[in-house]
file my_file_3.cif (mmCIF, C-alpha atoms)
data_entry
#
loop_
_atom_site.group_PDB
_atom_site.id
_atom_site.type_symbol
_atom_site.label_atom_id
_atom_site.label_comp_id
_atom_site.auth_asym_id
_atom_site.auth_seq_id
_atom_site.Cartn_x
_atom_site.Cartn_y
_atom_site.Cartn_z
ATOM 1 C CA MET A 99 20.586 1.900 -13.729
ATOM 2 C CA VAL A 100 17.186 0.723 -14.963
ATOM 3 C CA ARG A 101 15.080 -0.390 -12.000
ATOM 4 C CA MET A 102 12.713 -3.342 -12.347
ATOM 5 C CA TYR A 103 9.520 -3.526 -10.347
ATOM 6 C CA ASP A 104 7.991 -6.921 -9.603
ATOM 7 C CA PRO A 105 4.189 -6.956 -10.203
ATOM 8 C CA ALA A 106 3.684 -9.210 -7.158
ATOM 9 C CA GLN A 107 5.480 -6.691 -4.951
ATOM 10 C CA LEU A 108 3.456 -3.831 -6.448
ATOM 11 C CA ARG A 109 0.185 -5.650 -5.738
ATOM 12 C CA THR A 110 1.298 -6.206 -2.155
ATOM 13 C CA PHE A 111 2.239 -2.540 -1.846
ATOM 14 C CA LEU A 112 -1.211 -1.472 -3.092
ATOM 15 C CA ALA A 113 -2.943 -3.824 -0.656
ATOM 16 C CA VAL A 114 -1.026 -2.299 2.273
ATOM 17 C CA ALA A 115 -1.575 1.253 0.992
ATOM 18 C CA GLN A 116 -5.327 0.721 0.692
ATOM 19 C CA THR A 117 -5.910 -1.085 3.996
ATOM 20 C CA LEU A 118 -3.113 0.694 5.928
ATOM 21 C CA SER A 119 -2.501 -2.654 7.590
ATOM 22 C CA PHE A 120 0.077 -5.374 6.906
ATOM 23 C CA THR A 121 -2.280 -7.875 8.576
ATOM 24 C CA GLN A 122 -5.281 -6.935 6.419
ATOM 25 C CA ALA A 123 -3.119 -6.936 3.293
ATOM 26 C CA ALA A 124 -1.937 -10.474 4.094
ATOM 27 C CA ARG A 125 -5.565 -11.609 4.490
ATOM 28 C CA ARG A 126 -6.584 -9.999 1.216
ATOM 29 C CA LEU A 127 -3.696 -11.599 -0.678
ATOM 30 C CA ASP A 128 -3.947 -14.927 1.203
ATOM 31 C CA VAL A 129 -0.253 -14.881 2.149
ATOM 32 C CA ARG A 130 1.730 -14.714 5.385
ATOM 33 C CA GLN A 131 2.308 -11.335 6.988
ATOM 34 C CA SER A 132 6.049 -12.004 6.734
ATOM 35 C CA THR A 133 5.624 -12.269 2.948
ATOM 36 C CA VAL A 134 3.930 -8.870 2.873
ATOM 37 C CA SER A 135 6.796 -7.337 4.855
ATOM 38 C CA GLN A 136 9.336 -8.999 2.564
ATOM 39 C CA HIS A 137 7.633 -7.702 -0.587
ATOM 40 C CA VAL A 138 7.535 -4.158 0.791
ATOM 41 C CA ARG A 139 11.212 -4.280 1.784
ATOM 42 C CA ARG A 140 12.211 -5.532 -1.684
ATOM 43 C CA LEU A 141 10.130 -2.868 -3.388
ATOM 44 C CA GLU A 142 11.721 -0.189 -1.208
ATOM 45 C CA ALA A 143 15.147 -1.562 -2.200
ATOM 46 C CA ALA A 144 14.196 -1.500 -5.884
ATOM 47 C CA ALA A 145 13.092 2.129 -5.425
ATOM 48 C CA GLY A 146 16.571 3.109 -4.267
ATOM 49 C CA ASP A 147 16.065 2.298 -0.588
ATOM 50 C CA ARG A 148 13.207 4.803 -0.356
ATOM 51 C CA GLN A 149 10.872 4.266 2.602
ATOM 52 C CA LEU A 150 7.302 3.786 1.396
ATOM 53 C CA PHE A 151 5.558 3.414 4.771
ATOM 54 C CA THR A 152 6.024 4.647 8.304
ATOM 55 C CA ARG A 153 4.706 2.169 10.843
ATOM 56 C CA ASP A 154 4.502 1.624 14.576
ATOM 57 C CA THR A 155 2.519 -0.725 16.791
ATOM 58 C CA HIS A 156 -0.689 1.239 16.185
ATOM 59 C CA SER A 157 -0.676 2.578 12.636
ATOM 60 C CA VAL A 158 0.682 2.400 9.105
ATOM 61 C CA GLU A 159 0.968 5.538 6.959
ATOM 62 C CA LEU A 160 2.238 6.253 3.472
ATOM 63 C CA THR A 161 5.352 8.407 3.178
ATOM 64 C CA GLU A 162 5.705 11.043 0.458
ATOM 65 C CA ASP A 163 7.580 8.478 -1.650
ATOM 66 C CA GLY A 164 4.817 5.967 -0.914
ATOM 67 C CA GLU A 165 2.197 8.402 -2.232
ATOM 68 C CA ALA A 166 4.272 8.798 -5.403
ATOM 69 C CA MET A 167 4.580 5.015 -5.773
ATOM 70 C CA LEU A 168 0.773 4.649 -5.790
ATOM 71 C CA GLY A 169 0.425 6.173 -9.234
ATOM 72 C CA PHE A 170 3.417 4.307 -10.636
ATOM 73 C CA ALA A 171 2.173 0.987 -9.237
ATOM 74 C CA ARG A 172 -1.283 1.407 -10.798
ATOM 75 C CA THR A 173 0.225 2.346 -14.171
ATOM 76 C CA ILE A 174 2.686 -0.544 -14.213
ATOM 77 C CA LEU A 175 0.068 -3.120 -13.183
ATOM 78 C CA ALA A 176 -2.458 -1.816 -15.715
ATOM 79 C CA ALA A 177 0.134 -2.106 -18.497
ATOM 80 C CA HIS A 178 1.019 -5.597 -17.279
ATOM 81 C CA GLU A 179 -2.645 -6.654 -17.450
ATOM 82 C CA ARG A 180 -3.126 -5.201 -20.935
ATOM 83 C CA ALA A 181 0.014 -6.932 -22.233
ATOM 84 C CA ALA A 182 -1.044 -10.270 -20.735
ATOM 85 C CA ALA A 183 -4.510 -9.986 -22.311
ATOM 86 C CA TYR A 184 -3.091 -8.986 -25.705
ATOM 87 C CA PHE A 185 -0.532 -11.755 -25.998
ATOM 88 C CA SER A 186 -2.838 -14.432 -24.612
ATOM 89 C CA GLY A 187 -5.076 -13.841 -27.597
ATOM 90 C CA THR A 188 -8.213 -13.830 -25.459
ATOM 91 C CA ARG A 189 -10.722 -11.107 -24.728
ATOM 92 C CA LEU A 190 -13.262 -10.720 -21.981
ATOM 93 C CA ARG A 191 -16.861 -10.626 -23.073
ATOM 94 C CA GLY A 192 -20.270 -11.111 -21.531
ATOM 95 C CA ARG A 193 -22.642 -9.347 -19.199
ATOM 96 C CA LEU A 194 -21.541 -7.914 -15.856
ATOM 97 C CA ARG A 195 -24.073 -6.599 -13.333
ATOM 98 C CA PHE A 196 -22.128 -4.416 -10.909
ATOM 99 C CA GLY A 197 -23.579 -2.735 -7.830
ATOM 100 C CA ALA A 198 -21.869 0.174 -6.029
ATOM 101 C CA SER A 199 -22.813 1.853 -2.774
ATOM 102 C CA GLU A 200 -24.105 5.435 -2.785
ATOM 103 C CA ASP A 201 -20.940 6.321 -0.836
ATOM 104 C CA PHE A 202 -18.888 6.176 -4.033
ATOM 105 C CA VAL A 203 -21.024 8.549 -6.125
ATOM 106 C CA LEU A 204 -18.705 11.492 -5.437
ATOM 107 C CA THR A 205 -15.408 9.565 -5.621
ATOM 108 C CA ARG A 206 -13.180 8.545 -8.509
ATOM 109 C CA LEU A 207 -14.907 5.192 -9.066
ATOM 110 C CA PRO A 208 -16.141 6.417 -12.500
ATOM 111 C CA GLU A 209 -12.476 6.687 -13.590
ATOM 112 C CA ILE A 210 -11.886 3.036 -12.679
ATOM 113 C CA LEU A 211 -15.032 1.970 -14.543
ATOM 114 C CA GLU A 212 -14.066 4.048 -17.588
ATOM 115 C CA SER A 213 -10.643 2.366 -17.739
ATOM 116 C CA PHE A 214 -12.289 -1.051 -17.400
ATOM 117 C CA ARG A 215 -14.661 -0.300 -20.276
ATOM 118 C CA THR A 216 -11.743 0.865 -22.439
ATOM 119 C CA ASP A 217 -9.743 -2.295 -21.689
ATOM 120 C CA HIS A 218 -12.736 -4.638 -22.103
ATOM 121 C CA PRO A 219 -15.067 -3.143 -24.732
ATOM 122 C CA GLU A 220 -16.909 -6.418 -25.295
ATOM 123 C CA VAL A 221 -18.156 -6.614 -21.704
ATOM 124 C CA ASP A 222 -21.678 -5.260 -21.245
ATOM 125 C CA LEU A 223 -21.357 -3.460 -17.913
ATOM 126 C CA GLU A 224 -24.603 -2.669 -16.069
ATOM 127 C CA LEU A 225 -24.149 -0.342 -13.088
ATOM 128 C CA THR A 226 -26.571 -0.199 -10.151
ATOM 129 C CA VAL A 227 -26.103 2.469 -7.450
ATOM 130 C CA GLU A 228 -27.994 1.673 -4.253
ATOM 131 C CA LEU A 229 -27.782 1.570 -0.475
ATOM 132 C CA SER A 230 -25.312 -1.015 0.807
ATOM 133 C CA GLY A 231 -28.073 -2.968 2.557
ATOM 134 C CA THR A 232 -30.097 -3.153 -0.651
ATOM 135 C CA LEU A 233 -27.051 -4.280 -2.644
ATOM 136 C CA HIS A 234 -26.457 -7.124 -0.175
ATOM 137 C CA GLU A 235 -30.078 -8.239 -0.668
ATOM 138 C CA ARG A 236 -29.907 -8.062 -4.473
ATOM 139 C CA LEU A 237 -26.624 -9.975 -4.543
ATOM 140 C CA ALA A 238 -28.140 -12.723 -2.390
ATOM 141 C CA ALA A 239 -31.133 -12.848 -4.747
ATOM 142 C CA GLY A 240 -28.831 -13.425 -7.739
ATOM 143 C CA GLU A 241 -29.614 -10.052 -9.309
ATOM 144 C CA LEU A 242 -26.002 -8.792 -9.237
ATOM 145 C CA ASP A 243 -22.634 -10.379 -10.048
ATOM 146 C CA LEU A 244 -20.311 -8.084 -8.087
ATOM 147 C CA VAL A 245 -20.928 -5.542 -5.340
ATOM 148 C CA LEU A 246 -18.774 -2.809 -3.791
ATOM 149 C CA ALA A 247 -20.429 -1.832 -0.528
ATOM 150 C CA LYS A 248 -20.177 -1.462 3.227
ATOM 151 C CA ARG A 249 -19.968 -4.656 5.233
ATOM 152 C CA ARG A 250 -22.589 -5.192 7.922
ATOM 153 C CA GLY A 251 -21.338 -5.101 11.506
ATOM 154 C CA GLY A 252 -20.100 -8.523 12.600
ATOM 155 C CA ASP A 253 -19.809 -9.845 9.036
ATOM 156 C CA THR A 254 -16.481 -11.262 7.864
ATOM 157 C CA HIS A 255 -17.252 -12.224 4.271
ATOM 158 C CA GLY A 256 -16.088 -10.169 1.318
ATOM 159 C CA GLU A 257 -12.731 -8.908 0.064
ATOM 160 C CA LEU A 258 -11.632 -5.848 2.046
ATOM 161 C CA VAL A 259 -10.984 -2.822 -0.177
ATOM 162 C CA TRP A 260 -10.810 -0.119 2.452
ATOM 163 C CA GLN A 261 -11.468 0.416 6.154
ATOM 164 C CA SER A 262 -12.433 3.820 7.494
ATOM 165 C CA THR A 263 -14.034 5.499 10.493
ATOM 166 C CA LEU A 264 -17.594 6.780 10.548
ATOM 167 C CA THR A 265 -18.098 10.280 11.903
ATOM 168 C CA TRP A 266 -20.944 12.732 12.456
ATOM 169 C CA ILE A 267 -20.933 15.591 9.933
ATOM 170 C CA GLY A 268 -23.006 18.720 9.399
ATOM 171 C CA ALA A 269 -22.910 22.319 8.237
ATOM 172 C CA PRO A 270 -20.054 24.414 9.712
ATOM 173 C CA ARG A 271 -22.427 26.670 11.673
ATOM 174 C CA LEU A 272 -24.691 23.885 12.954
ATOM 175 C CA ARG A 273 -25.010 23.723 16.734
ATOM 176 C CA ILE A 274 -26.430 20.676 18.538
ATOM 177 C CA ASP A 275 -28.509 21.455 21.633
ATOM 178 C CA PRO A 276 -27.748 18.721 24.227
ATOM 179 C CA GLU A 277 -31.191 19.279 25.774
ATOM 180 C CA ARG A 278 -33.084 18.484 22.580
ATOM 181 C CA PRO A 279 -33.305 15.364 20.367
ATOM 182 C CA VAL A 280 -30.511 15.019 17.826
ATOM 183 C CA PRO A 281 -31.830 15.992 14.344
ATOM 184 C CA LEU A 282 -30.827 13.162 12.005
ATOM 185 C CA ILE A 283 -30.350 13.099 8.244
ATOM 186 C CA LEU A 284 -30.582 9.444 7.200
ATOM 187 C CA PHE A 285 -30.710 6.995 4.359
ATOM 188 C CA PRO A 286 -33.880 4.855 4.548
ATOM 189 C CA ALA A 287 -33.784 1.248 5.779
ATOM 190 C CA PRO A 288 -31.933 -1.039 5.176
ATOM 191 C CA GLY A 289 -29.069 1.472 5.086
ATOM 192 C CA ILE A 290 -26.070 0.217 7.081
ATOM 193 C CA THR A 291 -24.998 3.731 8.148
ATOM 194 C CA ARG A 292 -28.564 4.470 9.269
ATOM 195 C CA ALA A 293 -28.639 1.346 11.425
ATOM 196 C CA ARG A 294 -25.288 2.215 13.010
ATOM 197 C CA ALA A 295 -26.354 5.801 13.808
ATOM 198 C CA LEU A 296 -29.584 4.720 15.511
ATOM 199 C CA GLU A 297 -27.832 1.893 17.342
ATOM 200 C CA VAL A 298 -25.162 4.084 18.962
ATOM 201 C CA LEU A 299 -27.655 6.805 19.907
ATOM 202 C CA GLU A 300 -29.981 4.272 21.533
ATOM 203 C CA ALA A 301 -27.049 2.667 23.405
ATOM 204 C CA ASP A 302 -25.980 6.128 24.599
ATOM 205 C CA GLY A 303 -29.517 6.982 25.748
ATOM 206 C CA ARG A 304 -29.571 10.019 23.473
ATOM 207 C CA ALA A 305 -32.933 11.185 22.152
ATOM 208 C CA TRP A 306 -33.197 11.708 18.406
ATOM 209 C CA ARG A 307 -35.621 12.722 15.666
ATOM 210 C CA ILE A 308 -35.527 12.283 11.890
ATOM 211 C CA ALA A 309 -35.102 15.615 10.123
ATOM 212 C CA CYS A 310 -34.613 14.226 6.605
ATOM 213 C CA THR A 311 -34.697 10.862 4.836
ATOM 214 C CA SER A 312 -33.449 10.351 1.279
ATOM 215 C CA ALA A 313 -32.194 7.398 -0.752
ATOM 216 C CA SER A 314 -29.915 9.803 -2.622
ATOM 217 C CA LEU A 315 -26.580 10.933 -1.200
ATOM 218 C CA SER A 316 -26.962 14.269 -2.971
ATOM 219 C CA GLY A 317 -30.313 14.734 -1.207
ATOM 220 C CA LEU A 318 -28.769 14.042 2.199
ATOM 221 C CA VAL A 319 -25.858 16.375 1.497
ATOM 222 C CA ALA A 320 -28.237 19.164 0.446
ATOM 223 C CA ALA A 321 -30.191 18.770 3.686
ATOM 224 C CA ALA A 322 -27.007 18.787 5.749
ATOM 225 C CA ARG A 323 -25.671 21.879 3.995
ATOM 226 C CA ALA A 324 -28.983 23.602 4.776
ATOM 227 C CA GLY A 325 -28.348 22.949 8.470
ATOM 228 C CA LEU A 326 -31.286 20.582 8.978
ATOM 229 C CA GLY A 327 -29.264 18.174 11.109
ATOM 230 C CA VAL A 328 -26.339 15.765 11.293
ATOM 231 C CA MET A 329 -25.549 12.652 9.296
ATOM 232 C CA ALA A 330 -23.243 9.670 9.866
ATOM 233 C CA HIS A 331 -20.684 9.469 7.096
ATOM 234 C CA THR A 332 -17.319 7.984 6.207
ATOM 235 C CA ARG A 333 -14.530 10.248 7.495
ATOM 236 C CA GLY A 334 -12.492 9.873 4.317
ATOM 237 C CA LEU A 335 -15.371 10.882 2.019
ATOM 238 C CA ILE A 336 -16.783 14.044 3.649
ATOM 239 C CA PRO A 337 -18.527 16.077 0.904
ATOM 240 C CA PRO A 338 -17.495 19.702 0.290
ATOM 241 C CA GLY A 339 -19.337 22.205 2.476
ATOM 242 C CA LEU A 340 -19.691 19.814 5.423
ATOM 243 C CA VAL A 341 -17.421 19.270 8.429
ATOM 244 C CA PRO A 342 -17.113 16.829 11.342
ATOM 245 C CA VAL A 343 -19.361 17.708 14.284
ATOM 246 C CA PRO A 344 -17.182 18.971 17.181
ATOM 247 C CA ALA A 345 -16.644 16.617 20.128
ATOM 248 C CA ARG A 346 -18.306 19.152 22.445
ATOM 249 C CA ALA A 347 -21.654 18.150 20.888
ATOM 250 C CA GLY A 348 -21.335 14.946 22.902
ATOM 251 C CA LEU A 349 -22.457 12.588 20.152
ATOM 252 C CA PRO A 350 -21.404 8.941 20.628
ATOM 253 C CA GLU A 351 -18.626 7.353 18.563
ATOM 254 C CA LEU A 352 -19.820 5.553 15.441
ATOM 255 C CA GLY A 353 -16.857 3.166 15.065
ATOM 256 C CA ASP A 354 -15.211 1.796 11.942
ATOM 257 C CA VAL A 355 -16.714 0.608 8.688
ATOM 258 C CA ASP A 356 -15.368 -1.832 6.073
ATOM 259 C CA PHE A 357 -15.893 -1.434 2.339
ATOM 260 C CA VAL A 358 -15.692 -4.794 0.606
ATOM 261 C CA LEU A 359 -16.102 -6.535 -2.720
ATOM 262 C CA LEU A 360 -18.648 -9.351 -2.772
ATOM 263 C CA HIS A 361 -19.109 -11.810 -5.627
ATOM 264 C CA GLY A 362 -22.390 -13.350 -6.720
ATOM 265 C CA ARG A 363 -23.043 -17.063 -6.957
ATOM 266 C CA ARG A 364 -22.585 -17.245 -10.704
ATOM 267 C CA GLY A 365 -20.631 -15.432 -13.401
ATOM 268 C CA HIS A 366 -21.949 -13.934 -16.639
ATOM 269 C CA GLY A 367 -19.526 -14.524 -19.474
ATOM 270 C CA ARG A 368 -15.921 -15.664 -19.749
ATOM 271 C CA ARG A 369 -12.979 -14.938 -21.972
ATOM 272 C CA ALA A 370 -13.612 -16.003 -25.523
ATOM 273 C CA GLY A 371 -11.978 -19.338 -26.149
ATOM 274 C CA ALA A 372 -11.217 -19.968 -22.473
ATOM 275 C CA PRO A 373 -11.541 -23.622 -21.459
ATOM 276 C CA GLY A 374 -14.354 -23.861 -18.908
ATOM 277 C CA GLY A 375 -13.750 -21.602 -15.915
ATOM 278 C CA ALA A 376 -9.962 -21.554 -16.141
ATOM 279 C CA ASP A 377 -9.657 -17.827 -16.845
ATOM 280 C CA ARG A 378 -11.116 -14.829 -15.131
ATOM 281 C CA SER A 379 -14.713 -13.805 -15.574
ATOM 282 C CA PRO A 380 -15.672 -10.138 -16.163
ATOM 283 C CA ALA A 381 -16.590 -9.882 -12.454
ATOM 284 C CA GLU A 382 -13.153 -11.123 -11.416
ATOM 285 C CA ALA A 383 -11.455 -8.714 -13.819
ATOM 286 C CA LEU A 384 -13.408 -5.717 -12.509
ATOM 287 C CA ALA A 385 -12.730 -6.780 -8.917
ATOM 288 C CA ALA A 386 -9.008 -6.839 -9.711
ATOM 289 C CA ALA A 387 -9.231 -3.352 -11.253
ATOM 290 C CA ILE A 388 -11.034 -1.978 -8.192
ATOM 291 C CA LEU A 389 -8.502 -3.532 -5.816
ATOM 292 C CA ALA A 390 -5.636 -2.105 -7.887
ATOM 293 C CA GLY A 391 -7.195 1.372 -7.761
ATOM 294 C CA GLY A 392 -8.776 1.148 -4.323
ATOM 295 C CA ASP A 393 -6.831 4.117 -2.925
ATOM 296 C CA ARG A 394 -8.599 6.318 -5.504
ATOM 297 C CA LEU A 395 -11.875 5.567 -3.744
ATOM 298 C CA HIS A 396 -10.651 7.499 -0.687
ATOM 299 C CA ARG A 397 -10.627 10.704 -2.688
ATOM 300 C CA PRO A 398 -13.366 12.883 -4.165
ATOM 301 C CA ALA A 399 -13.702 13.196 -7.931
ATOM 302 C CA GLY A 400 -11.127 15.608 -9.308
ATOM 303 C CA ALA A 401 -8.639 15.015 -6.459
ATOM 304 C CA ARG A 402 -5.122 13.894 -7.328
#
call {"tool": "encode", "arguments": {"input": "my_file_3.cif", "output": "structure tokens"}}
result
Amino acid sequence: MVRMYDPAQLRTFLAVAQTLSFTQAARRLDVRQSTVSQHVRRLEAAAGDRQLFTRDTHSVELTEDGEAMLGFARTILAAHERAAAYFSGTRLRGRLRFGASEDFVLTRLPEILESFRTDHPEVDLELTVELSGTLHERLAAGELDLVLAKRRGGDTHGELVWQSTLTWIGAPRLRIDPERPVPLILFPAPGITRARALEVLEADGRAWRIACTSASLSGLVAAARAGLGVMAHTRGLIPPGLVPVPARAGLPELGDVDFVLLHGRRGHGRRAGAPGGADRSPAEALAAAILAGGDRLHRPAGAR
């Protein structure tokens, strides 16, 4: 029997897989949580009654079949988008100024951007890689059209792509002396991770000193690998050669961090022949591509 997979159900599945939350997926899709549950159940039925998620009152996790469905869902939705664009007789064109946080330098974001460029060759994509805090400022100043970055603590705006936990990381042989100030490896201000690290240390009454500052993630990673100190980093994106600092070091918890998509005040270019603003802009199309492939941002480049 040929199985049919509903694009709406696949988009819901991806939203749950990326946020690991039925509640967050409902917010992203602007639907009821019951609708999310219904879509997942119907997709599981279409997949031969295969369970795609395990869930309890505290967590949601992908099953082995759910992991397999990720790749299929992305492929099906990408083909659906290409077919819709082809038969609508319209093509995206214009200028798109996209800003991405330093956190994504070592992930598979370049694969998503490469696919976008292949699908929309007439869009002039300009990529800016900066600290999340700087990207927020440039977006507010009208210098960027779309940003993928960390969300500041307490903020609620933006489209959630992924939520993770921040953790302290360092070289495997690094030892933290509880009697001496914590040696920190930090992004410069206005880095959001920097602000969080200093905030929790101050609240904990823990002395600290700055061992290295760099605006480049590769610079921070090099310093950490050399054993110069510890750095606050996303748990799901720990670079090779670094490990979480053991709990016995007594460093305070850093909490969770949200990665979100934020749109600028104005678009730059629309589909050729589109009446007014009826169709998607290049920024909206790239946002959709990032949301569809958001789980790939949890993994380092080269991971499958």
call {"tool": "closest_residue", "arguments": {"input": "my_file_3.cif", "among": "A:Leu194, A:Val343, A:Ile336, A:Val280", "to": "Ala383 (chain A)", "atoms": "all atoms listed in the file"}}
result
A:Leu194
call {"tool": "atom_distance", "arguments": {"input": "my_file_3.cif", "atom1": "CA of Arg333 (chain A)", "atom2": "CA of Val259 (chain A)"}}
result
15.6 Å
call {"tool": "resolve_selection", "arguments": {"input": "my_file_3.cif", "expression": "the PyMOL selection byres ((chain A and resi 220) around 10)", "output": "list in words"}}
result
Arg189, Leu190, Arg191, Gly192, Arg193, Arg215, Thr216, Asp217, His218, Pro219, Val221, Asp222, Leu223, Arg369 and Pro380 of chain A
call {"tool": "resolve_selection", "arguments": {"input": "my_file_3.cif", "expression": "the PyMOL selection byres ((chain A and resi 170) around 12)", "output": "PyMOL selection string"}}
result
chain A and resi 103+105+108-109+111-112+145+163-169+171-177+390-391
call {"tool": "residues_near_point", "arguments": {"input": "my_file_3.cif", "point": "(11.4, -2.8, -0.9)", "cutoff": "12 Å", "atoms": "only C-alpha atoms", "output": "count of residues only"}}
result
31
call {"tool": "closest_residue", "arguments": {"input": "my_file_3.cif", "among": "A:Gln122, A:Thr226, A:Ser213, A:Thr265", "to": "Leu242 (chain A)", "atoms": "only C-alpha atoms"}}
result
A:Thr226
call {"tool": "residues_around", "arguments": {"input": "my_file_3.cif", "residues": "His361 (chain A)", "least_positions_apart": "5", "cutoff": "9 Å", "atoms": "all atoms listed in the file", "output": "number ranges by chain"}}
result
A: 237, 242-245, 256, 381-382, 385
call {"tool": "resolve_selection", "arguments": {"input": "my_file_3.cif", "expression": "the PyMOL selection byres ((chain A and resi 210) around 9)", "output": "compact mmCIF listing (two decimals) with C-alpha atoms, keeping the file's coordinate frame"}}
result
# COMPACT_ATOMS: atom_id res chain seq x y z
CA ARG A 206 -13.18 8.54 -8.51
CA LEU A 207 -14.91 5.19 -9.07
CA PRO A 208 -16.14 6.42 -12.50
CA GLU A 209 -12.48 6.69 -13.59
CA LEU A 211 -15.03 1.97 -14.54
CA GLU A 212 -14.07 4.05 -17.59
CA SER A 213 -10.64 2.37 -17.74
CA PHE A 214 -12.29 -1.05 -17.40
CA ARG A 215 -14.66 -0.30 -20.28
CA LEU A 384 -13.41 -5.72 -12.51
CA ALA A 387 -9.23 -3.35 -11.25
CA ILE A 388 -11.03 -1.98 -8.19
CA GLY A 391 -7.20 1.37 -7.76
CA ARG A 394 -8.60 6.32 -5.50
call {"tool": "closest_residue", "arguments": {"input": "my_file_3.cif", "among": "A:Arg307, A:Arg249, A:Arg294, A:Arg363", "to": "Gln261 (chain A)", "atoms": "only C-alpha atoms"}}
result
A:Arg249
call {"tool": "closest_residue", "arguments": {"input": "my_file_3.cif", "among": "A:Ala124, A:Ala293, A:Leu389, A:Ile274", "to": "Ala345 (chain A)", "atoms": "only C-alpha atoms"}}
result
A:Ile274
call {"tool": "atom_distance", "arguments": {"input": "my_file_3.cif", "atom1": "CA of Gly231 (chain A)", "atom2": "CA of Leu272 (chain A)"}}
result
29.0 Å
call {"tool": "atom_distance", "arguments": {"input": "my_file_3.cif", "atom1": "CA of Cys310 (chain A)", "atom2": "CA of Gly325 (chain A)"}}
result
10.9 Å
call {"tool": "closest_residue", "arguments": {"input": "my_file_3.cif", "among": "A:Phe357, A:Ser199, A:Ala113, A:Ala287", "to": "Asp128 (chain A)", "atoms": "all atoms listed in the file"}}
result
A:Ala113
call {"tool": "closest_residue", "arguments": {"input": "my_file_3.cif", "among": "A:Leu284, A:Ala330, A:Ala182, A:Leu246", "to": "Leu318 (chain A)", "atoms": "all atoms listed in the file"}}
result
A:Leu284
call {"tool": "residues_near_point", "arguments": {"input": "my_file_3.cif", "point": "(-14.8, -0.4, 2.6)", "cutoff": "7 Å", "atoms": "all atoms listed in the file", "output": "ChimeraX atom specification"}}
result
/A:247-248,258-262,355-358
call {"tool": "write_last_selection", "arguments": {"input": "my_file_3.cif", "atoms": "C-alpha atoms", "output": "compact mmCIF listing (two decimals), keeping the file's coordinate frame"}}
result
# COMPACT_ATOMS: atom_id res chain seq x y z
CA ALA A 247 -20.43 -1.83 -0.53
CA LYS A 248 -20.18 -1.46 3.23
CA LEU A 258 -11.63 -5.85 2.05
CA VAL A 259 -10.98 -2.82 -0.18
CA TRP A 260 -10.81 -0.12 2.45
CA GLN A 261 -11.47 0.42 6.15
CA SER A 262 -12.43 3.82 7.49
CA VAL A 355 -16.71 0.61 8.69
CA ASP A 356 -15.37 -1.83 6.07
CA PHE A 357 -15.89 -1.43 2.34
CA VAL A 358 -15.69 -4.79 0.61
call {"tool": "residues_around", "arguments": {"input": "my_file_3.cif", "residues": "Thr121 (chain A)", "least_positions_apart": "4", "cutoff": "10 Å", "atoms": "only C-alpha atoms", "output": "number ranges by chain"}}
result
A: 114, 117, 125-126, 129-132, 134-135
call {"tool": "residues_around", "arguments": {"input": "my_file_3.cif", "residues": "Ser157 (chain A)", "least_positions_apart": "6", "cutoff": "10 Å", "atoms": "all atoms listed in the file", "output": "list in words"}}
result
Leu118, Ser119 and Phe120 of chain A
call {"tool": "axis_aligned_box", "arguments": {"input": "my_file_3.cif", "around": "region 350-354 of chain A", "padding_each_side": "8 Å", "output": "lines of an AutoDock Vina configuration file"}}
result
center_x = -18.3
center_y = 5.4
center_z = 16.3
size_x = 22.2
size_y = 23.1
size_z = 24.7
call {"tool": "residues_around", "arguments": {"input": "my_file_3.cif", "residues": "Gly348 (chain A)", "least_positions_apart": "4", "cutoff": "12 Å", "atoms": "all atoms listed in the file", "output": "JSON, numbers by chain"}}
result
{"A": [266, 273, 274, 275, 276, 277, 280, 299, 302, 303, 304, 343, 344]}
call {"tool": "residues_around", "arguments": {"input": "my_file_3.cif", "residues": "Gly327 (chain A)", "least_positions_apart": "6", "cutoff": "6 Å", "atoms": "all atoms listed in the file", "output": "PyMOL selection string"}}
result
chain A and resi 281-283
call {"tool": "decode", "arguments": {"input": "my_file_3.cif", "residues": "region 241-252 of chain A", "atoms": "C-alpha atoms", "output": "CSV table (one decimal), in the first residue's frame"}}
result
chain,number,residue,atom,x,y,z
A,241,GLU,CA,20.4,46.8,8.8
A,242,LEU,CA,19.2,43.2,8.6
A,243,ASP,CA,16.0,41.5,7.3
A,244,LEU,CA,16.1,38.2,9.2
A,245,VAL,CA,18.1,37.0,12.2
A,246,LEU,CA,18.8,33.6,13.7
A,247,ALA,CA,20.1,34.2,17.2
A,248,LYS,CA,19.8,33.6,20.9
A,249,ARG,CA,16.9,35.4,22.6
A,250,ARG,CA,17.7,37.7,25.5
A,251,GLY,CA,16.5,36.5,29.0
A,252,GLY,CA,12.9,37.6,29.6
